[in-house]
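Participant: run.txt is the file, holding compact mmCIF, C-alpha atoms and all ligand atoms:
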# COMPACT_ATOMS: atom_id res chain seq x y z
CA MET A 93 144.28 120.47 141.60
CA SER A 94 141.42 118.64 139.87
CA THR A 95 141.83 115.12 138.49
CA VAL A 96 139.84 113.00 136.05
CA ASN A 97 139.72 109.31 135.23
CA PHE A 98 139.29 109.85 131.48
CA LEU A 99 140.78 112.66 129.45
CA LEU A 100 139.08 112.75 126.04
CA LEU A 101 140.46 114.72 123.10
CA SER A 102 138.78 115.20 119.74
CA GLY A 103 141.22 115.93 116.93
CA SER A 104 138.85 116.99 114.16
CA PRO A 105 139.03 120.58 112.87
CA ARG A 106 135.26 120.29 112.36
CA GLY A 107 134.85 120.67 116.13
CA LYS A 108 131.49 119.64 117.55
CA THR A 109 130.06 118.75 114.14
CA SER A 110 132.54 115.94 113.52
CA THR A 111 132.38 112.16 113.77
CA SER A 112 135.41 112.31 116.10
CA TYR A 113 133.54 114.52 118.56
CA SER A 114 130.24 112.63 118.40
CA LEU A 115 132.02 109.34 119.22
CA LEU A 116 133.69 110.90 122.26
CA ARG A 117 130.57 112.66 123.47
CA TYR A 118 128.65 109.39 123.45
CA LEU A 119 131.55 107.54 125.11
CA LYS A 120 131.72 110.23 127.80
CA THR A 121 128.05 109.73 128.70
CA GLN A 122 128.56 105.95 128.93
CA LEU A 123 131.62 106.34 131.16
CA GLU A 124 129.89 108.85 133.40
CA ASN A 125 126.93 106.48 133.78
CA LEU A 126 129.46 103.94 135.03
CA GLY A 127 130.70 106.40 137.66
CA LYS A 128 133.85 107.65 135.91
CA SER A 129 134.87 111.31 135.74
CA CYS A 130 135.66 112.66 132.26
CA GLU A 131 136.89 115.84 130.60
CA LEU A 132 136.24 116.31 126.87
CA SER A 133 138.32 118.82 124.87
CA ILE A 134 138.89 119.73 121.23
CA ALA A 135 142.53 119.74 120.07
CA HIS A 136 142.62 123.00 118.08
CA LYS A 137 140.80 124.82 120.90
CA ILE A 138 143.23 123.82 123.66
CA MET A 139 146.11 124.81 121.37
CA ARG A 140 144.76 128.37 121.09
CA LYS A 141 145.18 129.45 124.71
CA GLU A 142 148.24 128.79 126.84
CA ALA A 143 146.08 128.34 129.99
CA ASP A 144 143.86 125.74 128.30
CA PHE A 145 146.83 123.72 127.09
CA GLU A 146 148.41 123.88 130.55
CA ASN A 147 145.19 122.71 132.17
CA PHE A 148 144.96 119.80 129.71
CA SER A 149 148.58 118.85 130.24
CA ASN A 150 148.17 118.95 134.06
CA LEU A 151 145.08 116.74 133.86
CA LEU A 152 147.05 114.27 131.73
CA ASP A 153 149.71 113.85 134.45
CA SER A 154 147.20 112.26 136.81
CA ALA A 155 144.54 110.81 134.46
CA ASP A 156 143.94 107.06 134.22
CA TYR A 157 143.24 107.22 130.48
CA LEU A 158 143.83 109.48 127.49
CA ILE A 159 141.50 108.76 124.56
CA VAL A 160 142.04 110.66 121.30
CA THR A 161 139.73 110.50 118.27
CA MET A 162 140.57 112.03 114.90
CA PRO A 163 139.82 111.88 111.17
CA LEU A 164 142.29 110.32 108.78
CA TYR A 165 143.94 113.04 106.69
CA VAL A 166 146.01 111.87 103.70
CA ASP A 167 146.76 108.55 105.42
CA SER A 168 148.09 110.41 108.46
CA LEU A 169 147.04 112.66 111.37
CA PRO A 170 145.52 116.15 110.97
CA SER A 171 148.25 118.77 111.33
CA HIS A 172 147.03 120.25 114.60
CA VAL A 173 146.90 116.77 116.19
CA ILE A 174 150.57 116.41 115.23
CA GLU A 175 151.13 119.86 116.75
CA THR A 176 149.30 118.89 119.96
CA PHE A 177 151.26 115.63 120.28
CA THR A 178 154.54 117.46 119.64
CA ARG A 179 153.77 120.03 122.33
CA LEU A 180 152.61 117.39 124.82
CA LEU A 181 155.80 115.43 124.23
CA LYS A 182 157.91 118.50 124.93
CA THR A 183 155.94 119.33 128.10
CA ARG A 184 156.12 115.76 129.36
CA ARG A 185 159.85 115.64 128.71
CA ASN A 186 160.25 118.84 130.76
CA ASN A 187 158.33 117.39 133.70
CA SER A 188 160.20 114.06 133.58
CA PHE A 189 157.22 112.19 132.10
CA LYS A 190 155.00 112.54 135.15
CA GLY A 191 152.31 109.81 135.32
CA THR A 192 151.74 107.02 132.80
CA PRO A 193 148.11 107.17 131.67
CA LYS A 194 146.78 104.44 129.44
CA PHE A 195 146.33 105.72 125.89
CA LEU A 196 144.08 104.66 123.05
CA ALA A 197 143.28 106.33 119.74
CA ILE A 198 140.33 106.03 117.37
CA VAL A 199 140.96 107.09 113.76
CA ASN A 200 138.01 107.36 111.36
CA SER A 201 138.24 107.61 107.59
CA GLY A 202 136.17 108.42 104.52
CA PHE A 203 137.13 105.17 102.77
CA PRO A 204 135.21 102.21 104.18
CA GLU A 205 138.11 99.81 104.82
CA GLN A 206 139.42 99.81 108.39
CA HIS A 207 142.99 99.11 107.23
CA GLN A 208 143.17 102.65 105.77
CA ASN A 209 143.64 103.89 109.35
CA LEU A 210 146.46 101.59 110.43
CA LEU A 211 149.38 103.85 109.49
CA ALA A 212 147.86 106.74 111.48
CA LEU A 213 147.38 104.42 114.46
CA ASN A 214 151.03 103.35 114.19
CA ILE A 215 151.99 107.03 114.40
CA CYS A 216 149.88 107.35 117.58
CA GLN A 217 151.59 104.30 119.04
CA GLN A 218 155.00 105.83 118.30
CA PHE A 219 153.91 109.04 120.05
CA ALA A 220 152.81 106.95 123.07
CA GLN A 221 156.19 105.30 123.28
CA GLU A 222 158.07 108.60 123.12
CA ALA A 223 155.74 110.37 125.57
CA ASN A 224 155.71 107.53 128.13
CA LEU A 225 152.02 106.77 127.70
CA ASP A 226 150.78 103.21 128.09
CA TRP A 227 149.49 102.32 124.59
CA ILE A 228 146.57 99.90 124.92
CA GLY A 229 145.73 99.85 121.22
CA GLY A 230 143.95 101.64 118.44
CA ILE A 231 140.50 101.44 116.93
CA PRO A 232 140.46 101.85 113.12
CA PHE A 233 137.03 103.05 111.96
CA GLY A 234 136.54 102.71 108.21
CA GLY A 235 133.64 104.70 106.79
CA GLY A 236 133.27 107.05 109.78
CA ALA A 237 132.08 109.67 107.31
CA ILE A 238 128.66 108.00 107.34
CA ILE A 239 128.09 109.46 110.83
CA GLY A 240 128.94 112.86 109.36
CA GLY A 241 129.22 114.57 112.74
CA THR A 242 125.63 113.82 113.82
CA PRO A 243 125.38 113.23 117.59
CA LEU A 244 125.36 109.45 118.00
CA ASP A 245 122.26 109.39 120.18
CA SER A 246 120.22 111.06 117.45
CA SER A 247 121.79 109.29 114.46
CA GLY A 248 119.30 106.40 114.34
CA GLY A 249 120.33 103.38 112.25
CA ARG A 250 123.42 105.17 110.87
CA GLY A 251 124.99 105.31 114.32
CA LYS A 252 123.67 102.03 115.70
CA GLN A 253 126.91 100.03 115.43
CA ALA A 254 129.06 102.94 116.63
CA ARG A 255 126.80 103.38 119.67
CA PHE A 256 127.09 99.70 120.49
CA ALA A 257 130.87 99.85 120.04
CA MET A 258 131.20 102.83 122.40
CA GLU A 259 128.98 101.14 124.98
CA ILE A 260 131.07 97.97 125.14
CA LEU A 261 134.26 100.03 125.06
CA ALA A 262 133.11 102.09 128.08
CA GLU A 263 132.19 98.94 129.97
CA ALA A 264 135.56 97.31 129.27
CA LEU A 265 137.65 100.38 130.11
CA SER A 266 135.73 101.10 133.29
CA GLU A 267 136.82 97.65 134.48
CA ASP A 268 140.39 98.17 133.21
CA LYS A 269 139.96 95.48 130.56
CA GLU A 270 141.38 95.42 127.01
CA ILE A 271 139.63 96.95 123.98
CA PRO A 272 137.03 94.29 123.06
CA GLU A 273 137.51 92.76 119.60
CA GLU A 274 133.76 93.18 119.14
CA CYS A 275 134.13 96.94 119.51
CA ILE A 276 136.33 97.03 116.38
CA SER A 277 134.20 94.61 114.36
CA ARG A 278 130.94 96.39 115.26
CA ILE A 279 132.14 99.92 114.48
CA ASN A 280 133.34 98.70 111.07
CA LYS A 281 130.03 97.12 110.06
CA LEU A 282 128.80 99.15 107.10
CA ILE A 283 125.04 99.69 107.22
CA ILE A 284 124.81 99.90 103.42
CA PRO A 285 126.59 97.84 100.72
CA LYS A 286 130.14 99.07 100.06
CA ARG A 287 129.30 99.69 96.39
CA ILE A 288 126.48 102.11 97.34
CA TYR A 289 128.68 103.79 99.97
CA MET A 290 131.40 104.44 97.34
CA MET A 291 128.84 105.71 94.84
CA MET A 292 127.45 108.19 97.40
CA GLY A 293 131.00 109.31 98.25
CA ASN A 294 131.75 109.96 94.58
CA ILE A 295 128.55 112.01 94.15
CA ARG A 296 129.45 114.12 97.21
CA TRP A 297 133.01 114.58 95.94
CA ARG A 298 131.77 115.84 92.55
CA LYS A 299 129.32 118.21 94.26
CA GLN A 300 132.19 119.67 96.29
CA LEU A 301 134.27 120.07 93.11
CA GLY A 302 131.37 122.05 91.63
CA SER A 303 130.76 124.26 94.66
CA ASN A 304 134.49 125.06 94.84
CA LYS A 305 134.60 125.71 91.07
CA VAL A 306 137.46 123.24 90.49
CA ARG A 307 135.62 120.60 88.45
CA ASP A 308 138.25 120.77 85.68
CA ARG A 309 141.15 120.28 88.13
CA LEU A 310 140.28 116.87 89.55
CA ASN A 311 143.31 115.21 87.93
CA ASP A 312 145.84 117.89 88.87
CA GLN A 313 149.10 116.57 90.34
CA PRO A 314 150.72 119.72 91.79
CA PHE A 315 153.47 117.81 93.62
CA LEU A 316 154.47 115.60 90.70
CA ALA A 317 158.21 115.96 90.15
CA SER A 318 158.85 117.62 86.78
CA GLU A 319 161.05 115.64 84.38
C1 LIG B 401 142.09 117.10 104.06
C2 LIG B 401 141.40 115.77 104.14
C3 LIG B 401 142.13 114.61 103.90
C4 LIG B 401 141.49 113.35 103.96
N1 LIG B 401 142.22 112.23 103.72
C5 LIG B 401 141.61 111.01 103.76
C6 LIG B 401 142.36 109.81 103.48
O1 LIG B 401 143.56 109.83 103.22
N2 LIG B 401 141.69 108.63 103.50
C7 LIG B 401 140.35 108.55 103.82
O2 LIG B 401 139.81 107.43 103.84
N3 LIG B 401 139.63 109.68 104.11
C8 LIG B 401 140.22 110.89 104.10
N4 LIG B 401 139.51 112.03 104.40
C9 LIG B 401 138.08 111.90 104.83
C10 LIG B 401 137.93 112.00 106.37
O3 LIG B 401 138.85 111.16 107.03
C11 LIG B 401 136.49 111.56 106.74
O4 LIG B 401 135.56 112.41 106.11
C12 LIG B 401 136.23 111.53 108.23
O5 LIG B 401 135.03 110.83 108.48
C13 LIG B 401 136.11 112.94 108.86
O6 LIG B 401 136.03 112.77 110.26
P1 LIG B 401 135.60 113.96 111.26
O7 LIG B 401 134.13 114.21 111.03
O8 LIG B 401 135.88 113.39 112.62
O9 LIG B 401 136.44 115.14 110.92
C14 LIG B 401 140.09 113.28 104.30
C15 LIG B 401 139.38 114.46 104.54
C16 LIG B 401 140.02 115.69 104.44
C17 LIG B 401 139.22 116.96 104.68
Show how you would write the structure in this file as structure tokens.

Facilitator:
Amino acid sequence: MSTVNFLLLSGSPRGKTSTSYSLLRYLKTQLENLGKSCELSIAHKIMRKEADFENFSNLLDSADYLIVTMPLYVDSLPSHVIETFTRLLKTRRNNSFKGTPKFLAIVNSGFPEQHQNLLALNICQQFAQEANLDWIGGIPFGGGAIIGGTPLDSSGGRGKQARFAMEILAEALSEDKEIPEECISRINKLIIPKRIYMMMGNIRWRKQLGSNKVRDRLNDQPFLASE
């Protein structure tokens, strides 16, 4: 049976054109350059085929690290990441929690403040505890939307801080050290003023309202309890 040092899982439904995937792809290259073996998968893809999920789950039993990246969805995890975690938990319970890989998660958000991602990271930590994974911490990434799924090595200035963060993360993990504080501060350095970032976000949001023909429904509150 094959084994890997680092099992990497991207949790964005946008697949290979997501910030979550581009972070992991760059991290994988750094780790491989340092002599580590890695396997990179996409959550909704491994959930589609029984054999793929089984392979992932078997690799997890003997991996040194599990690293999961994902977007923040409504202050929480995307639904199929929840589904993947739930299924992994069940499988690990059935095999008496074989192996205790170290686990870290990176959650990226549209809003630029890193604290937006803390609740989602707490949920990941809770999963780690229940699934007998060794939680080594989370990396909140505010404003990950600026990468917009571009591969980090071709994202120029936009991806500069994220590249640096992934490089120092790979170096630390390959020596079994903690997540460097600098990794978190670097990845959260906005390359444009926050005011401009928010303005661009609002323009994009309004464009999407237009292309989906729901401009007049921006203030809808469908889940508001009726009096
Ligand atoms: C359904 C949905 C819900 C979202 N909820 C939030 C949110 O609660 N807070 C936030 O800051 N960004 C939110 N976002 C923005 C994404 O987190 C952001 O665009 C992220 O960079 C996407 O990462 P990805 O490319 O890895 O998928 C949401 C996006 C979608 C599509």

Participant: Using 6 Å as the limit and counting only C-alpha atoms and all ligand atoms, can you tabulate each residue of chain A that touches ligand LIG 401 (chain B), with its shortest atom-to-atom distance in Å and the two atoms involved, as JSON lines?

Facilitator:
{"residue": "A:Ser104", "atom": "CA", "partner": "B:LIG401", "partner_atom": "O9", "distance": 4.4}
{"residue": "A:Arg106", "atom": "CA", "partner": "B:LIG401", "partner_atom": "O9", "distance": 5.5}
{"residue": "A:Ser110", "atom": "CA", "partner": "B:LIG401", "partner_atom": "O7", "distance": 3.4}
{"residue": "A:Thr111", "atom": "CA", "partner": "B:LIG401", "partner_atom": "O7", "distance": 3.8}
{"residue": "A:Ser112", "atom": "CA", "partner": "B:LIG401", "partner_atom": "O8", "distance": 3.7}
{"residue": "A:Met162", "atom": "CA", "partner": "B:LIG401", "partner_atom": "O8", "distance": 5.4}
{"residue": "A:Pro163", "atom": "CA", "partner": "B:LIG401", "partner_atom": "O6", "distance": 4.0}
{"residue": "A:Leu164", "atom": "CA", "partner": "B:LIG401", "partner_atom": "O3", "distance": 3.9}
{"residue": "A:Tyr165", "atom": "CA", "partner": "B:LIG401", "partner_atom": "N1", "distance": 3.5}
{"residue": "A:Val166", "atom": "CA", "partner": "B:LIG401", "partner_atom": "O1", "distance": 3.2}
{"residue": "A:Asp167", "atom": "CA", "partner": "B:LIG401", "partner_atom": "O1", "distance": 4.1}
{"residue": "A:Asn200", "atom": "CA", "partner": "B:LIG401", "partner_atom": "O5", "distance": 5.4}
{"residue": "A:Ser201", "atom": "CA", "partner": "B:LIG401", "partner_atom": "O3", "distance": 3.6}
{"residue": "A:Gly202", "atom": "CA", "partner": "B:LIG401", "partner_atom": "N3", "distance": 3.7}
{"residue": "A:Phe203", "atom": "CA", "partner": "B:LIG401", "partner_atom": "O2", "distance": 3.7}
{"residue": "A:Gly236", "atom": "CA", "partner": "B:LIG401", "partner_atom": "O5", "distance": 4.4}
{"residue": "A:Ala237", "atom": "CA", "partner": "B:LIG401", "partner_atom": "O5", "distance": 3.4}
{"residue": "A:Gly240", "atom": "CA", "partner": "B:LIG401", "partner_atom": "O7", "distance": 5.6}
{"residue": "A:Gly241", "atom": "CA", "partner": "B:LIG401", "partner_atom": "O7", "distance": 5.2}

Participant: Which polymer residues have any atom within 8 Å of an atom of Asn224 in chain A, counting all atoms listed in the file, with same-chain residues fewer than 3 positions away left out, as a PDB file with C-alpha atoms, keeping the file's coordinate frame?

Facilitator:
ATOM      1  CA  PHE A 189     157.220 112.190 132.100  1.00  0.00           C
ATOM      2  CA  THR A 192     151.740 107.020 132.800  1.00  0.00           C
ATOM      3  CA  ALA A 220     152.810 106.950 123.070  1.00  0.00           C
ATOM      4  CA  GLN A 221     156.190 105.300 123.280  1.00  0.00           C
TER       5      GLN A 221
END

Participant: Measure the distance from CA of Pro193 in chain A to CA of Lys128 in chain A in Å and round it to one decimal.

Facilitator: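 Pair CA of Pro193 in chain A / CA of Lys128 in chain A returns 14.9 Å.
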
Participant: For the interface of range 181-259 of chain A with range 269-282 of chain A (cut-off 12 Å, counting all atoms listed in the file), please tabulate each contacting residue of range 181-259 of chain A alongside its nearest pair of atoms and their separation in Å to one decimal, rows sorted by chain and increasing number, as JSON lines.

Facilitator:
{"residue": "A:Lys194", "atom": "CA", "partner": "A:Glu270", "partner_atom": "CA", "distance": 10.8}
{"residue": "A:Phe195", "atom": "CA", "partner": "A:Ile271", "partner_atom": "CA", "distance": 11.2}
{"residue": "A:Leu196", "atom": "CA", "partner": "A:Ile271", "partner_atom": "CA", "distance": 9.0}
{"residue": "A:Ala197", "atom": "CA", "partner": "A:Ile271", "partner_atom": "CA", "distance": 10.9}
{"residue": "A:Ile198", "atom": "CA", "partner": "A:Ile276", "partner_atom": "CA", "distance": 9.9}
{"residue": "A:Val199", "atom": "CA", "partner": "A:Ile276", "partner_atom": "CA", "distance": 11.4}
{"residue": "A:Asn200", "atom": "CA", "partner": "A:Asn280", "partner_atom": "CA", "distance": 9.8}
{"residue": "A:Ser201", "atom": "CA", "partner": "A:Asn280", "partner_atom": "CA", "distance": 10.7}
{"residue": "A:Phe203", "atom": "CA", "partner": "A:Leu282", "partner_atom": "CA", "distance": 11.2}
{"residue": "A:Pro204", "atom": "CA", "partner": "A:Leu282", "partner_atom": "CA", "distance": 7.7}
{"residue": "A:Glu205", "atom": "CA", "partner": "A:Asn280", "partner_atom": "CA", "distance": 7.9}
{"residue": "A:Gln206", "atom": "CA", "partner": "A:Asn280", "partner_atom": "CA", "distance": 6.7}
{"residue": "A:His207", "atom": "CA", "partner": "A:Asn280", "partner_atom": "CA", "distance": 10.4}
{"residue": "A:Gln208", "atom": "CA", "partner": "A:Asn280", "partner_atom": "CA", "distance": 11.8}
{"residue": "A:Asn209", "atom": "CA", "partner": "A:Asn280", "partner_atom": "CA", "distance": 11.7}
{"residue": "A:Trp227", "atom": "CA", "partner": "A:Glu270", "partner_atom": "CA", "distance": 10.9}
{"residue": "A:Ile228", "atom": "CA", "partner": "A:Glu270", "partner_atom": "CA", "distance": 7.2}
{"residue": "A:Gly229", "atom": "CA", "partner": "A:Ile271", "partner_atom": "CA", "distance": 7.3}
{"residue": "A:Gly230", "atom": "CA", "partner": "A:Ile271", "partner_atom": "CA", "distance": 8.4}
{"residue": "A:Ile231", "atom": "CA", "partner": "A:Ile276", "partner_atom": "CA", "distance": 6.1}
{"residue": "A:Pro232", "atom": "CA", "partner": "A:Ile276", "partner_atom": "CA", "distance": 7.1}
{"residue": "A:Phe233", "atom": "CA", "partner": "A:Asn280", "partner_atom": "CA", "distance": 5.8}
{"residue": "A:Gly234", "atom": "CA", "partner": "A:Asn280", "partner_atom": "CA", "distance": 5.9}
{"residue": "A:Gly235", "atom": "CA", "partner": "A:Leu282", "partner_atom": "CA", "distance": 7.4}
{"residue": "A:Gly236", "atom": "CA", "partner": "A:Asn280", "partner_atom": "CA", "distance": 8.4}
{"residue": "A:Ala237", "atom": "CA", "partner": "A:Leu282", "partner_atom": "CA", "distance": 11.0}
{"residue": "A:Ile238", "atom": "CA", "partner": "A:Leu282", "partner_atom": "CA", "distance": 8.9}
{"residue": "A:Ile239", "atom": "CA", "partner": "A:Leu282", "partner_atom": "CA", "distance": 11.0}
{"residue": "A:Gly249", "atom": "CA", "partner": "A:Leu282", "partner_atom": "CA", "distance": 10.8}
{"residue": "A:Arg250", "atom": "CA", "partner": "A:Leu282", "partner_atom": "CA", "distance": 8.9}
{"residue": "A:Gly251", "atom": "CA", "partner": "A:Ile279", "partner_atom": "CA", "distance": 9.0}
{"residue": "A:Lys252", "atom": "CA", "partner": "A:Ile279", "partner_atom": "CA", "distance": 8.8}
{"residue": "A:Gln253", "atom": "CA", "partner": "A:Ile279", "partner_atom": "CA", "distance": 5.3}
{"residue": "A:Ala254", "atom": "CA", "partner": "A:Ile279", "partner_atom": "CA", "distance": 4.8}
{"residue": "A:Arg255", "atom": "CA", "partner": "A:Ile279", "partner_atom": "CA", "distance": 8.2}
{"residue": "A:Phe256", "atom": "CA", "partner": "A:Arg278", "partner_atom": "CA", "distance": 7.3}
{"residue": "A:Ala257", "atom": "CA", "partner": "A:Cys275", "partner_atom": "CA", "distance": 4.4}
{"residue": "A:Met258", "atom": "CA", "partner": "A:Cys275", "partner_atom": "CA", "distance": 7.2}
{"residue": "A:Glu259", "atom": "CA", "partner": "A:Cys275", "partner_atom": "CA", "distance": 8.6}

Participant: Give me, please, the distance in Å between CA of Arg179 in chain A and CA of Ala135 in chain A, quoted to one decimal.

Facilitator: 11.5 Å

Participant: So, counting only C-alpha atoms, which residue among A:Ser303, A:Gln217, A:Ser246, A:Gln122 is closest to Ile260 in chain A?

Facilitator: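 Closest to Ile260 in chain A of all the choices is A:Gln122.
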
Participant: Between CA of Tyr289 in chain A and CA of Pro170 in chain A, what is the distance, to one decimal in Å?

Facilitator: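 Those two atoms sit 23.6 Å apart.
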
Participant: List the residues sitting within 12 Å of (152.4, 107.4, 135.4) in the file's frame, using all atoms listed in the file, as a CSV table (one decimal) with C-alpha atoms, keeping the file's coordinate frame.

Facilitator:
chain,number,residue,atom,x,y,z
A,151,LEU,CA,145.1,116.7,133.9
A,152,LEU,CA,147.0,114.3,131.7
A,153,ASP,CA,149.7,113.8,134.4
A,154,SER,CA,147.2,112.3,136.8
A,155,ALA,CA,144.5,110.8,134.5
A,156,ASP,CA,143.9,107.1,134.2
A,157,TYR,CA,143.2,107.2,130.5
A,158,LEU,CA,143.8,109.5,127.5
A,184,ARG,CA,156.1,115.8,129.4
A,187,ASN,CA,158.3,117.4,133.7
A,188,SER,CA,160.2,114.1,133.6
A,189,PHE,CA,157.2,112.2,132.1
A,190,LYS,CA,155.0,112.5,135.2
A,191,GLY,CA,152.3,109.8,135.3
A,192,THR,CA,151.7,107.0,132.8
A,193,PRO,CA,148.1,107.2,131.7
A,194,LYS,CA,146.8,104.4,129.4
A,195,PHE,CA,146.3,105.7,125.9
A,223,ALA,CA,155.7,110.4,125.6
A,224,ASN,CA,155.7,107.5,128.1
A,225,LEU,CA,152.0,106.8,127.7
A,226,ASP,CA,150.8,103.2,128.1
